[in-house]
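Asker: Here you go, data.tsv (TSV, C-alpha atoms):
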chain	number	residue	atom	x	y	z
Q	1	MET	CA	155.49	167.53	99.66
Q	2	ARG	CA	153.91	169.56	96.88
Q	3	THR	CA	152.86	168.75	93.33
Q	4	GLN	CA	150.38	169.99	90.78
Q	5	VAL	CA	148.27	166.83	90.45
Q	6	GLY	CA	148.01	164.06	93.02
Q	7	ILE	CA	146.92	160.71	91.58
Q	8	VAL	CA	145.70	157.85	93.78
Q	9	GLY	CA	145.95	154.54	91.94
Q	10	ALA	CA	148.47	153.14	89.46
Q	11	GLY	CA	146.09	151.26	87.21
Q	12	PRO	CA	145.51	152.19	83.56
Q	13	ALA	CA	143.54	155.33	84.48
Q	14	GLY	CA	146.07	156.81	86.91
Q	15	LEU	CA	149.13	155.91	84.87
Q	16	THR	CA	147.64	157.18	81.60
Q	17	LEU	CA	146.63	160.45	83.24
Q	18	ALA	CA	150.11	160.91	84.68
Q	19	HIS	CA	151.70	160.21	81.30
Q	20	LEU	CA	149.43	162.61	79.42
Q	21	LEU	CA	150.13	165.36	81.96
Q	22	HIS	CA	153.88	164.74	81.86
Q	23	ARG	CA	153.86	165.27	78.11
Q	24	GLU	CA	152.28	168.67	78.74
Q	25	GLY	CA	154.85	169.63	81.36
Q	26	ILE	CA	152.47	169.19	84.31
Q	27	GLU	CA	153.87	167.53	87.44
Q	28	SER	CA	152.11	164.70	89.23
Q	29	VAL	CA	152.73	162.11	91.93
Q	30	VAL	CA	151.18	158.64	91.57
Q	31	LEU	CA	150.46	156.60	94.72
Q	32	GLU	CA	149.64	152.88	94.65
Q	33	ASP	CA	148.97	150.62	97.64
Q	34	ARG	CA	150.03	147.39	95.89
Q	35	SER	CA	153.49	146.30	94.78
Q	36	ARG	CA	154.76	146.87	91.26
Q	37	ASP	CA	154.79	143.14	90.65
Q	38	HIS	CA	151.15	142.81	91.68
Q	39	VAL	CA	150.03	145.73	89.51
Q	40	GLU	CA	151.88	144.39	86.49
Q	41	HIS	CA	150.44	140.89	86.74
Q	42	ARG	CA	146.80	141.25	87.77
Q	43	ILE	CA	144.70	139.87	84.92
Q	44	ARG	CA	142.07	142.22	83.59
Q	45	ALA	CA	140.58	143.25	80.24
Q	46	GLY	CA	142.23	142.62	76.92
Q	47	VAL	CA	140.10	144.31	74.24
Q	48	LEU	CA	141.17	147.83	73.29
Q	49	GLU	CA	138.88	150.13	71.33
Q	50	GLN	CA	140.17	152.08	68.38
Q	51	GLY	CA	140.19	155.31	70.39
Q	52	THR	CA	142.21	153.74	73.21
Q	53	VAL	CA	144.78	152.42	70.75
Q	54	ASP	CA	145.02	155.80	69.02
Q	55	LEU	CA	145.50	157.65	72.33
Q	56	LEU	CA	148.21	155.32	73.63
Q	57	THR	CA	150.02	155.35	70.30
Q	58	GLY	CA	149.79	159.12	70.00
Q	59	ALA	CA	151.10	159.48	73.55
Q	60	GLY	CA	154.26	157.55	72.71
Q	61	VAL	CA	153.51	154.36	74.65
Q	62	GLY	CA	152.19	152.26	71.78
Q	63	GLU	CA	155.34	150.78	70.28
Q	64	ARG	CA	154.93	147.32	71.83
Q	65	LEU	CA	151.17	147.56	71.39
Q	66	ARG	CA	151.62	148.03	67.64
Q	67	ARG	CA	154.15	145.20	67.52
Q	68	GLU	CA	152.39	142.60	69.66
Q	69	GLY	CA	148.73	143.60	69.65
Q	70	LEU	CA	146.37	141.46	67.59
Q	71	VAL	CA	144.13	143.58	65.36
Q	72	HIS	CA	140.63	142.16	64.92
Q	73	HIS	CA	138.13	143.35	62.33
Q	74	GLY	CA	135.17	141.28	63.48
Q	75	ILE	CA	133.57	139.12	66.18
Q	76	GLU	CA	131.31	136.09	65.95
Q	77	LEU	CA	127.98	135.34	67.60
Q	78	GLN	CA	127.12	131.66	68.04
Q	79	PHE	CA	123.60	130.47	68.79
Q	80	ASP	CA	121.33	127.61	67.73
Q	81	GLY	CA	124.47	125.72	66.77
Q	82	GLU	CA	125.49	128.25	64.11
Q	83	ARG	CA	128.03	131.06	63.96
Q	84	HIS	CA	127.44	134.48	62.48
Q	85	ARG	CA	130.22	136.99	61.89
Q	86	ILE	CA	129.79	140.69	62.63
Q	87	PRO	CA	132.29	142.53	60.36
Q	88	LEU	CA	133.15	145.34	62.78
Q	89	SER	CA	135.47	147.32	60.53
Q	90	ASP	CA	133.20	147.13	57.50
Q	91	LEU	CA	130.27	148.44	59.53
Q	92	ALA	CA	132.11	151.01	61.66
Q	93	GLY	CA	134.02	153.06	59.12
Q	94	GLY	CA	137.19	150.98	59.17
Q	95	ARG	CA	137.66	151.09	62.94
Q	96	SER	CA	138.82	147.91	64.66
Q	97	ILE	CA	139.72	146.46	68.06
Q	98	VAL	CA	143.11	145.24	69.29
Q	99	ILE	CA	143.69	142.32	71.65
Q	100	TYR	CA	146.36	143.48	74.08
Q	101	GLY	CA	146.09	142.68	77.78
Q	102	GLN	CA	145.59	145.39	80.39
Q	103	THR	CA	148.65	144.00	82.16
Q	104	GLU	CA	150.72	144.87	79.10
Q	105	VAL	CA	149.28	148.38	78.93
Q	106	VAL	CA	150.21	148.88	82.59
Q	107	LYS	CA	153.75	147.57	82.05
Q	108	ASP	CA	154.26	150.00	79.16
Q	109	LEU	CA	152.99	152.95	81.20
Q	110	ILE	CA	155.05	152.09	84.28
Q	111	LEU	CA	158.19	151.81	82.16
Q	112	ALA	CA	157.49	155.18	80.55
Q	113	ARG	CA	156.93	156.75	83.98
Q	114	LEU	CA	160.14	155.37	85.43
Q	115	GLU	CA	162.18	156.31	82.37
Q	116	ALA	CA	160.88	159.87	82.74
Q	117	GLY	CA	162.07	159.90	86.36
Q	118	ALA	CA	158.62	161.00	87.55
Q	119	PRO	CA	157.30	160.08	91.02
Q	120	LEU	CA	155.56	156.69	91.21
Q	121	LEU	CA	155.30	155.20	94.70
Q	122	PHE	CA	154.25	151.58	95.25
Q	123	GLU	CA	153.23	149.88	98.52
Q	124	VAL	CA	151.81	153.07	99.99
Q	125	ASP	CA	149.73	152.58	103.16
Q	126	ASP	CA	147.01	154.46	105.05
Q	127	VAL	CA	146.06	156.78	102.19
Q	128	THR	CA	143.50	159.45	103.08
Q	129	VAL	CA	142.36	162.53	101.17
Q	130	HIS	CA	141.42	165.87	102.72
Q	131	GLU	CA	140.48	169.50	102.02
Q	132	LEU	CA	138.66	168.48	98.85
Q	133	GLU	CA	136.61	171.67	98.69
Q	134	THR	CA	139.65	173.94	98.84
Q	135	VAL	CA	142.16	174.91	96.17
Q	136	ARG	CA	144.84	172.87	98.00
Q	137	PRO	CA	143.56	169.33	98.54
Q	138	LEU	CA	145.80	167.02	100.56
Q	139	ILE	CA	146.78	163.36	100.43
Q	140	ARG	CA	148.18	161.81	103.59
Q	141	PHE	CA	149.91	158.44	103.44
Q	142	ARG	CA	152.67	156.21	104.82
Q	143	HIS	CA	155.59	155.06	102.69
Q	144	ASP	CA	158.88	153.41	103.61
Q	145	GLY	CA	157.96	153.65	107.28
Q	146	GLY	CA	157.35	157.41	107.29
Q	147	ASP	CA	154.26	159.63	107.34
Q	148	HIS	CA	153.84	162.02	104.41
Q	149	GLU	CA	151.49	164.79	103.33
Q	150	LEU	CA	151.13	165.71	99.67
Q	151	GLU	CA	149.58	169.04	98.72
Q	152	CYS	CA	148.25	169.49	95.17
Q	153	ASP	CA	146.02	171.65	93.00
Q	154	VAL	CA	143.97	168.77	91.59
Q	155	LEU	CA	143.35	165.31	93.02
Q	156	ALA	CA	142.51	162.36	90.75
Q	157	GLY	CA	140.81	159.35	92.32
Q	158	CYS	CA	141.84	156.44	90.08
Q	159	ASP	CA	141.87	153.86	92.87
Q	160	GLY	CA	139.03	151.59	91.79
Q	161	PHE	CA	135.64	150.74	93.21
Q	162	HIS	CA	137.02	149.79	96.64
Q	163	GLY	CA	139.45	152.71	96.87
Q	164	VAL	CA	139.49	155.52	99.41
Q	165	CYS	CA	138.70	158.51	97.20
Q	166	ARG	CA	135.00	158.09	96.44
Q	167	PRO	CA	134.05	157.22	100.08
Q	168	SER	CA	135.85	160.41	101.17
Q	169	ILE	CA	133.18	162.55	99.52
Q	170	PRO	CA	130.65	163.61	102.19
Q	171	ASP	CA	127.44	161.62	102.43
Q	172	GLY	CA	124.51	162.84	100.38
Q	173	LEU	CA	126.54	164.49	97.61
Q	174	LEU	CA	126.77	161.49	95.28
Q	175	ARG	CA	124.04	159.37	93.76
Q	176	MET	CA	124.82	155.76	92.90
Q	177	PHE	CA	122.95	153.81	90.24
Q	178	SER	CA	123.57	150.07	90.26
Q	179	ARG	CA	122.39	146.68	89.12
Q	180	GLU	CA	123.61	143.28	90.34
Q	181	TYR	CA	123.47	140.37	87.90
Q	182	PRO	CA	122.63	136.85	89.12
Q	183	TYR	CA	125.60	135.32	87.35
Q	184	GLY	CA	129.34	135.66	86.94
Q	185	TRP	CA	132.14	134.51	84.66
Q	186	LEU	CA	134.45	131.61	85.38
Q	187	GLY	CA	137.54	132.57	83.40
Q	188	ILE	CA	140.69	130.64	82.58
Q	189	LEU	CA	143.96	131.50	80.89
Q	190	ALA	CA	145.24	128.43	79.04
Q	191	ALA	CA	148.59	127.71	77.41
Q	192	VAL	CA	147.08	126.67	74.10
Q	193	ALA	CA	146.78	128.35	70.73
Q	194	PRO	CA	143.35	129.98	70.27
Q	195	SER	CA	140.91	127.79	68.37
Q	196	ASN	CA	139.48	130.80	66.55
Q	197	ASP	CA	140.96	133.90	64.95
Q	198	GLU	CA	138.29	136.21	66.40
Q	199	LEU	CA	136.28	136.41	69.62
Q	200	VAL	CA	133.26	134.09	69.69
Q	201	TYR	CA	130.30	135.02	71.93
Q	202	THR	CA	128.10	131.96	72.49
Q	203	HIS	CA	124.47	131.84	73.59
Q	204	HIS	CA	123.63	128.35	74.87
Q	205	GLU	CA	120.87	126.81	76.96
Q	206	ARG	CA	123.53	125.77	79.53
Q	207	GLY	CA	124.78	129.35	79.77
Q	208	PHE	CA	126.93	131.90	78.01
Q	209	ALA	CA	130.50	131.15	76.92
Q	210	LEU	CA	133.23	133.26	75.32
Q	211	ARG	CA	136.27	132.25	73.32
Q	212	SER	CA	138.88	134.96	73.57
Q	213	LEU	CA	142.68	135.13	73.47
Q	214	ARG	CA	145.70	137.00	74.78
Q	215	SER	CA	148.34	136.01	72.21
Q	216	PRO	CA	148.93	133.43	69.47
Q	217	GLU	CA	149.95	131.02	72.26
Q	218	LEU	CA	147.45	131.91	75.02
Q	219	SER	CA	143.68	131.41	75.07
Q	220	ARG	CA	141.28	133.24	77.39
Q	221	LEU	CA	138.01	131.35	77.89
Q	222	TYR	CA	134.92	132.13	79.96
Q	223	LEU	CA	131.85	130.29	81.19
Q	224	GLN	CA	128.72	131.77	82.74
Q	225	CYS	CA	128.42	130.56	86.33
Q	226	ARG	CA	127.03	131.60	89.70
Q	227	PRO	CA	128.66	134.75	91.11
Q	228	ASP	CA	129.56	132.80	94.28
Q	229	GLU	CA	130.88	129.77	92.41
Q	230	ASP	CA	133.32	127.60	94.38
Q	231	LEU	CA	136.42	127.05	92.23
Q	232	ASP	CA	137.12	123.81	94.10
Q	233	GLU	CA	134.08	122.40	92.31
Q	234	TRP	CA	135.64	123.19	88.94
Q	235	PRO	CA	138.70	121.06	88.24
Q	236	ASP	CA	140.27	121.65	84.85
Q	237	GLU	CA	138.63	118.58	83.34
Q	238	ARG	CA	135.16	119.84	84.21
Q	239	ILE	CA	135.89	123.27	82.74
Q	240	TRP	CA	137.05	121.83	79.42
Q	241	GLU	CA	134.07	119.48	79.30
Q	242	GLU	CA	131.63	122.35	79.89
Q	243	LEU	CA	133.35	124.49	77.28
Q	244	ARG	CA	133.00	121.70	74.72
Q	245	LEU	CA	129.30	121.34	75.51
Q	246	ARG	CA	128.67	125.06	75.03
Q	247	VAL	CA	131.00	126.08	72.21
Q	248	GLY	CA	131.92	122.84	70.44
Q	249	ALA	CA	135.30	121.32	69.72
Q	250	LEU	CA	138.37	123.27	70.79
Q	251	GLU	CA	142.02	122.67	71.57
Q	252	GLU	CA	142.86	122.06	75.24
Q	253	GLY	CA	145.99	122.88	77.19
Q	254	PRO	CA	147.38	123.59	80.67
Q	255	VAL	CA	145.28	126.03	82.71
Q	256	LEU	CA	147.61	128.78	83.95
Q	257	GLU	CA	145.05	130.91	85.83
Q	258	LYS	CA	141.50	130.47	86.99
Q	259	GLY	CA	139.02	132.80	88.69
Q	260	VAL	CA	135.40	133.87	89.08
Q	261	THR	CA	134.26	137.42	88.37
Q	262	GLY	CA	130.90	138.70	89.54
Q	263	MET	CA	128.95	141.01	87.27
Q	264	ARG	CA	127.36	144.36	88.05
Q	265	SER	CA	126.65	147.77	86.62
Q	266	VAL	CA	127.43	150.87	88.71
Q	267	VAL	CA	127.49	154.58	87.92
Q	268	VAL	CA	128.22	157.40	90.36
Q	269	GLU	CA	126.98	160.92	89.68
Q	270	PRO	CA	128.63	163.36	89.66
Q	271	MET	CA	132.16	162.10	89.03
Q	272	GLN	CA	133.70	165.03	90.89
Q	273	HIS	CA	133.54	166.97	94.13
Q	274	GLY	CA	135.53	170.12	94.71
Q	275	ARG	CA	139.04	169.43	93.44
Q	276	LEU	CA	138.59	165.63	93.53
Q	277	PHE	CA	137.88	163.96	90.19
Q	278	LEU	CA	136.95	160.27	89.95
Q	279	ALA	CA	138.01	158.19	86.96
Q	280	GLY	CA	137.66	154.58	85.87
Q	281	ASP	CA	136.27	152.00	88.29
Q	282	ALA	CA	136.15	154.58	91.08
Q	283	ALA	CA	133.21	156.12	89.22
Q	284	HIS	CA	131.65	153.30	87.21
Q	285	ILE	CA	131.60	149.53	86.70
Q	286	VAL	CA	130.34	147.67	83.63
Q	287	PRO	CA	129.78	143.95	83.09
Q	288	PRO	CA	132.62	142.61	80.96
Q	289	THR	CA	130.41	141.44	78.10
Q	290	GLY	CA	130.81	144.68	76.16
Q	291	ALA	CA	134.58	145.01	76.79
Q	292	LYS	CA	134.18	148.58	78.02
Q	293	GLY	CA	135.81	148.85	81.47
Q	294	LEU	CA	139.40	149.66	80.53
Q	295	ASN	CA	138.31	151.74	77.57
Q	296	LEU	CA	135.99	153.89	79.69
Q	297	ALA	CA	138.82	154.51	82.16
Q	298	ILE	CA	141.11	155.74	79.37
Q	299	ALA	CA	138.33	157.92	77.97
Q	300	ASP	CA	137.79	159.47	81.42
Q	301	VAL	CA	141.41	160.49	81.89
Q	302	ARG	CA	141.66	161.83	78.36
Q	303	VAL	CA	138.89	164.28	79.25
Q	304	LEU	CA	140.44	164.98	82.65
Q	305	ALA	CA	143.91	165.58	81.21
Q	306	GLU	CA	142.49	168.07	78.70
Q	307	ALA	CA	140.65	169.88	81.49
Q	308	ILE	CA	143.75	170.05	83.71
Q	309	VAL	CA	145.86	171.38	80.84
Q	310	ASP	CA	143.20	174.03	80.19
Q	311	PHE	CA	143.19	174.93	83.89
Q	312	TYR	CA	146.92	175.66	83.91
Q	313	ARG	CA	146.86	177.47	80.59
Q	314	THR	CA	143.87	179.72	81.27
Q	315	GLY	CA	143.69	179.89	85.05
Q	316	THR	CA	139.96	179.08	84.91
Q	317	THR	CA	138.10	175.96	86.05
Q	318	THR	CA	135.54	175.95	83.23
Q	319	ALA	CA	136.80	172.69	81.69
Q	320	LEU	CA	137.28	171.05	85.10
Q	321	ASP	CA	133.74	172.00	86.10
Q	322	SER	CA	132.31	170.20	83.07
Q	323	TYR	CA	134.39	167.03	83.50
Q	324	SER	CA	131.64	164.89	84.99
Q	325	ALA	CA	128.97	165.86	82.48
Q	326	ARG	CA	131.29	165.17	79.53
Q	327	CYS	CA	132.29	161.76	80.85
Q	328	LEU	CA	128.85	160.60	81.91
Q	329	ALA	CA	127.41	160.93	78.41
Q	330	ARG	CA	129.88	158.28	77.23
Q	331	VAL	CA	129.61	156.23	80.43
Q	332	TRP	CA	125.85	155.77	80.14
Q	333	ARG	CA	126.10	154.80	76.46
Q	334	ALA	CA	128.66	152.14	77.39
Q	335	GLU	CA	126.54	151.00	80.34
Q	336	HIS	CA	123.55	150.48	78.08
Q	337	PHE	CA	125.57	148.60	75.48
Q	338	SER	CA	127.15	146.35	78.12
Q	339	TRP	CA	123.75	145.65	79.71
Q	340	TRP	CA	122.25	144.89	76.30
Q	341	MET	CA	125.02	142.44	75.34
Q	342	THR	CA	124.79	140.80	78.75
Q	343	SER	CA	121.00	140.45	78.64
Q	344	MET	CA	121.01	139.07	75.11
Q	345	LEU	CA	123.65	136.39	75.68
Q	346	HIS	CA	123.35	135.09	79.24
Q	347	ARG	CA	121.01	132.41	80.50
Q	348	PRO	CA	118.55	134.13	82.87
Q	349	ASP	CA	118.56	133.16	86.53
Q	350	ARG	CA	115.08	131.64	86.25
Q	351	PRO	CA	114.77	130.98	82.54
Q	352	ASP	CA	111.56	130.12	80.76
Q	353	ASP	CA	110.75	129.53	77.13
Q	354	PHE	CA	109.61	133.14	76.70
Q	355	ASP	CA	113.02	134.51	77.78
Q	356	LEU	CA	114.82	132.12	75.46
Q	357	LYS	CA	112.65	133.03	72.48
Q	358	LEU	CA	113.24	136.75	73.10
Q	359	GLN	CA	117.02	136.28	73.21
Q	360	LEU	CA	117.07	134.20	70.04
Q	361	SER	CA	114.86	136.73	68.28
Q	362	GLN	CA	117.29	139.52	69.20
Q	363	LEU	CA	120.30	137.49	68.07
Q	364	ARG	CA	118.65	136.67	64.75
Q	365	TYR	CA	117.82	140.33	64.23
Q	366	VAL	CA	121.38	141.47	64.99
Q	367	THR	CA	122.86	138.93	62.60
Q	368	SER	CA	120.36	139.53	59.77
Q	369	SER	CA	119.82	143.30	59.90
Q	370	ASN	CA	122.55	145.59	58.62
Q	371	ALA	CA	121.24	148.40	60.82
Q	372	ALA	CA	121.28	146.28	63.98
Q	373	ALA	CA	124.71	144.85	63.21
Q	374	THR	CA	126.04	148.36	62.54
Q	375	SER	CA	124.79	149.54	65.93
Q	376	LEU	CA	126.59	146.64	67.64
Q	377	ALA	CA	129.77	147.27	65.64
Q	378	GLU	CA	129.86	151.02	66.33
Q	379	ASN	CA	129.48	150.50	70.05
Q	380	TYR	CA	131.88	147.57	70.24
Q	381	VAL	CA	134.81	149.33	68.53
Q	382	GLY	CA	134.05	152.47	70.55
Q	383	LEU	CA	132.20	155.61	69.59
Q	384	PRO	CA	134.37	158.41	68.13
Q	385	TRP	CA	136.02	160.72	70.64
How does the structure come out when it is put into structure tokens?

Answerer:
Amino acid sequence: MRTQVGIVGAGPAGLTLAHLLHREGIESVVLEDRSRDHVEHRIRAGVLEQGTVDLLTGAGVGERLRREGLVHHGIELQFDGERHRIPLSDLAGGRSIVIYGQTEVVKDLILARLEAGAPLLFEVDDVTVHELETVRPLIRFRHDGGDHELECDVLAGCDGFHGVCRPSIPDGLLRMFSREYPYGWLGILAAVAPSNDELVYTHHERGFALRSLRSPELSRLYLQCRPDEDLDEWPDERIWEELRLRVGALEEGPVLEKGVTGMRSVVVEPMQHGRLFLAGDAAHIVPPTGAKGLNLAIADVRVLAEAIVDFYRTGTTTALDSYSARCLARVWRAEHFSWWMTSMLHRPDRPDDFDLKLQLSQLRYVTSSNAAATSLAENYVGLPW
């Protein structure tokens, strides 16, 4: 088999890259080890930056996003029993965020791919990548009981942190920067109307909490917990009780999904080797506090798509060669913002009065200083592309 761009991973990064290339007349094959049903229903992020919304809309896959997405112009910070609104759009030049689940983004992109009749293979096994330092990298895999070999000009590793692409780069060529956090998020999806029109980030002595949403009928709620929390110790009644203690009164309803997410920061440098280019979680992880994971993945493939288009138009690799440097500038800004939000809002592992006073001082500054609030707003809605 032969194609121009081989893409490993059918998450938002891989599917968006394939769609952008298709619109430019560049062929690609997308390989995914999970089933279509699994990919379309795994619960992930739900906050889209202005730039992400603009890209998806401009690429022709934003019709349902415009119709069903919930535009938000602010967020709220709650601490010391009081709420303070950060008017994102007022502070960030009119830019906003949109609540629209990653699962919905993926569904839209898969539908567009299938309607275009372009190759998208699910339930692919034994994927390996080879000849990365040549002009003809290879992907070997099994599908429908047969062995296949796919030759391409460019290989995009969009297969997540535990994928095969990054570990295929020879030892010693990548540097990994990481930080593990001593807490996680216990998240639930509940069949109840959100109790607030905007996201509420809560700092509390019992731990962080977040009121979010997925639709006018579905609430997404989070509690700070241990990263190794046993869900059996958290029946629904205990979750609702803890939420009330941390955030105050709220409507309750049936819990549809429940899970614990550990928190870490990871960046790999460089994000490329030979003709292999890493994008999204394959290259970086952010704690979810800043709502940056999905948005960084889309930003990566926007840069990569532009570089691939330039490669085929000019015959030079100048843009491809600068891919990692261009992406990492944005990645590190998002990493810092996510770390800052996380550090300001979460109860430390071994808290003392000094830590608490520092956090409250920072929160008061952010909610009383126009300059500090503007910095938060600009980063939250996403820096201009």

Asker: In Å to one decimal, how far is CA of Arg142 (chain Q) from CA of Asp126 (chain Q)?

Answerer: 5.9 Å

Asker: Just want the 9 Å neighbourhood of region 358-369 of chain Q, counted on only C-alpha atoms, with same-chain residues fewer than 2 positions away dropped. Output as a ChimeraX atom specification.

Answerer: /Q:77-80,84-86,203,343-346,353-356,371-376

Asker: To test the calculation: enclose all listed atoms of region 314-333 of chain Q in a box whose edges run along x, y and z, add 6 Å on each side, then state centre and edge lengths in Å to one decimal, as lines of an AutoDock Vina configuration file.

Answerer:
center_x = 134.9
center_y = 167.3
center_z = 81.3
size_x = 30.0
size_y = 37.1
size_z = 21.6

Asker: Using only C-alpha atoms, which of the listed residues (Q:Leu17, Q:Cys152, Q:Val381, Q:Ala291) sits closest to Tyr201 (chain Q)?

Answerer: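 Closest to Tyr201 (chain Q), using only C-alpha atoms: Q:Ala291.
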
Asker: Do you know which residues are at most 7 Å from region 99-106 of chain Q counting all atoms listed in the file, after dropping those on the same chain fewer than 2 positions away, and could you put them as a PyMOL selection string?

Answerer: chain Q and resi 11-12+40-48+65+69-71+97+108-110+214

Asker: Could you please determine the separation between CA of His143 (chain Q) and CA of Asp159 (chain Q) in Å, to one decimal place?

Answerer: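 Taking CA of His143 (chain Q) as the start and CA of Asp159 (chain Q) as the end point, the length is 16.9 Å.
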
Asker: Which one of Q:Leu111, Q:Ala325, Q:Ala193, Q:Leu88 sits closest to Tyr380 (chain Q) if you count all atoms listed in the file?

Answerer: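 Ranking Q:Leu111, Q:Ala325, Q:Ala193, Q:Leu88 by distance to Tyr380 (chain Q), first place goes to Q:Leu88.
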